[in-house]
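Chemist: Here you go, one structure.
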Amino acid sequence: MSELKVRNLELGKGKPKVCVPLVAKNFEELFSEAIRLSKLDCDVIEWRADYFMYVHDARFMKKAAYFVRYAIDDKPLIFTYRTLQEGGGQHIELDEYVELNRMMMDTGLIDMVDLEFEMMLEKPSDVMVHAKERNVKVLLSKHNNHFTPDVHNMYELIKDMYQLGGDICKVAVMPNDLQDMLNVLEVSNKIQIEHSEISFVMISMGELGQLSRMTGELFGSSLTYASNGKYLSAPGQLPIPILREGMNLIGYKRGSR
Ligand SMILES: O=C1C[C@@](O)(C(=O)O)C[C@@H](O)[C@@H]1O
């Protein structure tokens, strides 16, 4: 597992770090939710800005970022605008997507940015270089909310994301049966054995995929997403205590008493 330091958090070491979604439509909700999440037993917060009603207004977004940072104090923050094509809350044009992400990096308030791999391919720009210059880690992501591609396809996808410069390469796919979930674990294992330089997150969504959210310590995923107690940002997310219990059991060493 490749290691990555974000604030005081070491990703890729030991158990996967637990991330919860910050979902809010207006300032009031944003602030109260950010405060609530800051007190949860989570390691990272992901601001899903595609649900925020002022996301198309740069001036408001800068203010909102200050609100969030103030409320969550020193917790690592991922900024995510999930597009409609990949299961997000509202439409955005490509140019605006790139500009928004650049602007959020410039605030100096976010630690990681989730950039969709397809968007980066469709509109090659210097946005990834921009992130590196500002010491913002790039989580390149690809979601398939309908099915699970075959093993070869997912394996190549993770490698392509790494080639493009992802600090963390994330694939989240929907299983139609248990074999699909096992395929996600198989790819994870192949990557951790054959490409230990790659830091990755592989998720099998929905109920059938829940096991994949707990097994990162064994199969190499460095981050896992949980429900925030009120809201799931994807099907299959578990409440934090259940997720942690599962991860503890799975990480329980043979011979321990
Ligand atoms: O990419 C991911 C993973 C996710 O889709 C999940 O399956 O938990 C949840 C999203 O909020 C996040 O951006």
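As shown in the structure tokens, the chain order sets the letters A, B, ...; within each chain, residues go from 1, and ligands are also counted from 1 in the order they appear.
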Write out as a PyMOL selection string which residues come within 10 Å of Gln85 of chain A when counting only C-alpha atoms, dropping same-chain ones fewer than 2 positions away.
Modeler: chain A and resi 82-83+87-91+118+143-145
Chemist: So that I can see what lies close to Leu164 of chain A, please list as an MDAnalysis selection string the residues with an atom at most 9 Å from it, counting only C-alpha atoms and leaving out residues fewer than 2 positions away in the same chain.
Modeler: chainID A and resid 117 120 128 140 159:162 166
Chemist: Write out as an MDAnalysis selection string all residues of segment 93-224 of chain A that DSSP puts in helix (DSSP H, G or I) for this structure's backbone.
Modeler: chainID A and resid 94:106 117:122 127:133 151:164 178:194 207:213 216:219
Chemist: Would you name the residues within 10 Å of ligand 1, counting only C-alpha atoms and all ligand atoms, and put them as a PyMOL selection string?
Modeler: chain A and resi 19-23+45-48+78-82+86-88+114-116+139-145+170-174+201-206+209-210+213+223-227+232-238
Chemist: Could those residues be written to a file, using C-alpha atoms, as an mmCIF file, in the first residue's frame?
Modeler:
```
data_model
loop_
_atom_site.group_PDB
_atom_site.id
_atom_site.type_symbol
_atom_site.label_atom_id
_atom_site.label_comp_id
_atom_site.auth_asym_id
_atom_site.auth_seq_id
_atom_site.Cartn_x
_atom_site.Cartn_y
_atom_site.Cartn_z
ATOM 1 C CA CYS A 19 -14.574 9.497 5.221
ATOM 2 C CA VAL A 20 -18.112 10.896 5.609
ATOM 3 C CA PRO A 21 -20.009 13.123 3.175
ATOM 4 C CA LEU A 22 -20.874 16.730 3.970
ATOM 5 C CA VAL A 23 -24.127 17.358 2.133
ATOM 6 C CA ILE A 45 -14.746 14.868 5.456
ATOM 7 C CA GLU A 46 -15.857 14.990 1.836
ATOM 8 C CA TRP A 47 -17.758 18.130 0.895
ATOM 9 C CA ARG A 48 -20.161 17.075 -1.856
ATOM 10 C CA ILE A 78 -11.898 16.537 0.228
ATOM 11 C CA PHE A 79 -13.659 18.842 -2.203
ATOM 12 C CA THR A 80 -15.921 16.934 -4.593
ATOM 13 C CA TYR A 81 -18.212 18.036 -7.366
ATOM 14 C CA ARG A 82 -19.814 14.805 -8.552
ATOM 15 C CA GLU A 86 -21.468 9.764 -12.315
ATOM 16 C CA GLY A 87 -24.353 10.009 -9.852
ATOM 17 C CA GLY A 88 -24.077 13.628 -8.668
ATOM 18 C CA ASP A 114 -11.842 14.580 -6.243
ATOM 19 C CA LEU A 115 -11.473 14.948 -9.999
ATOM 20 C CA GLU A 116 -13.372 12.694 -12.334
ATOM 21 C CA LEU A 139 -8.164 11.756 -5.980
ATOM 22 C CA LEU A 140 -8.929 10.682 -9.526
ATOM 23 C CA SER A 141 -12.264 8.913 -9.627
ATOM 24 C CA LYS A 142 -14.524 6.871 -11.852
ATOM 25 C CA HIS A 143 -18.025 5.687 -10.923
ATOM 26 C CA ASN A 144 -20.284 3.222 -12.602
ATOM 27 C CA ASN A 145 -23.715 3.254 -10.993
ATOM 28 C CA LYS A 170 -10.641 5.539 -6.974
ATOM 29 C CA VAL A 171 -13.119 3.241 -8.681
ATOM 30 C CA ALA A 172 -16.663 2.785 -7.344
ATOM 31 C CA VAL A 173 -18.915 0.384 -9.230
ATOM 32 C CA MET A 174 -22.314 -1.246 -8.818
ATOM 33 C CA VAL A 201 -9.671 3.050 -3.314
ATOM 34 C CA MET A 202 -11.922 0.379 -4.779
ATOM 35 C CA ILE A 203 -15.570 0.228 -3.802
ATOM 36 C CA SER A 204 -18.326 -2.162 -4.682
ATOM 37 C CA MET A 205 -21.495 -0.186 -3.973
ATOM 38 C CA GLY A 206 -24.955 -1.247 -2.794
ATOM 39 C CA GLY A 209 -20.819 -4.683 -2.099
ATOM 40 C CA GLN A 210 -20.768 -3.744 1.583
ATOM 41 C CA ARG A 213 -16.055 -1.179 2.340
ATOM 42 C CA LEU A 223 -10.031 5.142 2.259
ATOM 43 C CA THR A 224 -13.583 4.003 2.911
ATOM 44 C CA TYR A 225 -16.777 6.064 2.803
ATOM 45 C CA ALA A 226 -19.392 5.817 5.556
ATOM 46 C CA SER A 227 -22.849 7.240 6.054
ATOM 47 C CA LEU A 232 -25.706 8.338 2.387
ATOM 48 C CA SER A 233 -23.863 9.792 -0.589
ATOM 49 C CA ALA A 234 -23.867 6.379 -2.261
ATOM 50 C CA PRO A 235 -25.802 3.149 -1.772
ATOM 51 C CA GLY A 236 -24.243 0.659 0.617
ATOM 52 C CA GLN A 237 -22.473 3.121 2.915
ATOM 53 C CA LEU A 238 -22.509 1.831 6.490
#
```
Chemist: Ranking A:His146, A:Lys5, A:Lys15, A:Arg244 by minimum distance to Ser221 of chain A and counting only C-alpha atoms, which one comes first?
Modeler: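 Smallest distance to Ser221 of chain A is found for A:Lys15.
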Chemist: Using DSSP assignments from the backbone, pull out every residue in segment 3-126 of chain A that falls under strand (DSSP E or B) and give it to me as a list in words.
Modeler: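 Those in segment 3-126 of chain A that DSSP calls strand (DSSP E or B) are Leu4, Lys5, Val6, Leu9, Glu10, Leu11, Lys17, Val18, Cys19, Val20, Pro21, Leu22, Val44, Ile45, Glu46, Trp47, Arg48, Leu77, Ile78, Phe79, Thr80, Met112, Val113, Asp114, Leu115 and Glu116 of chain A.
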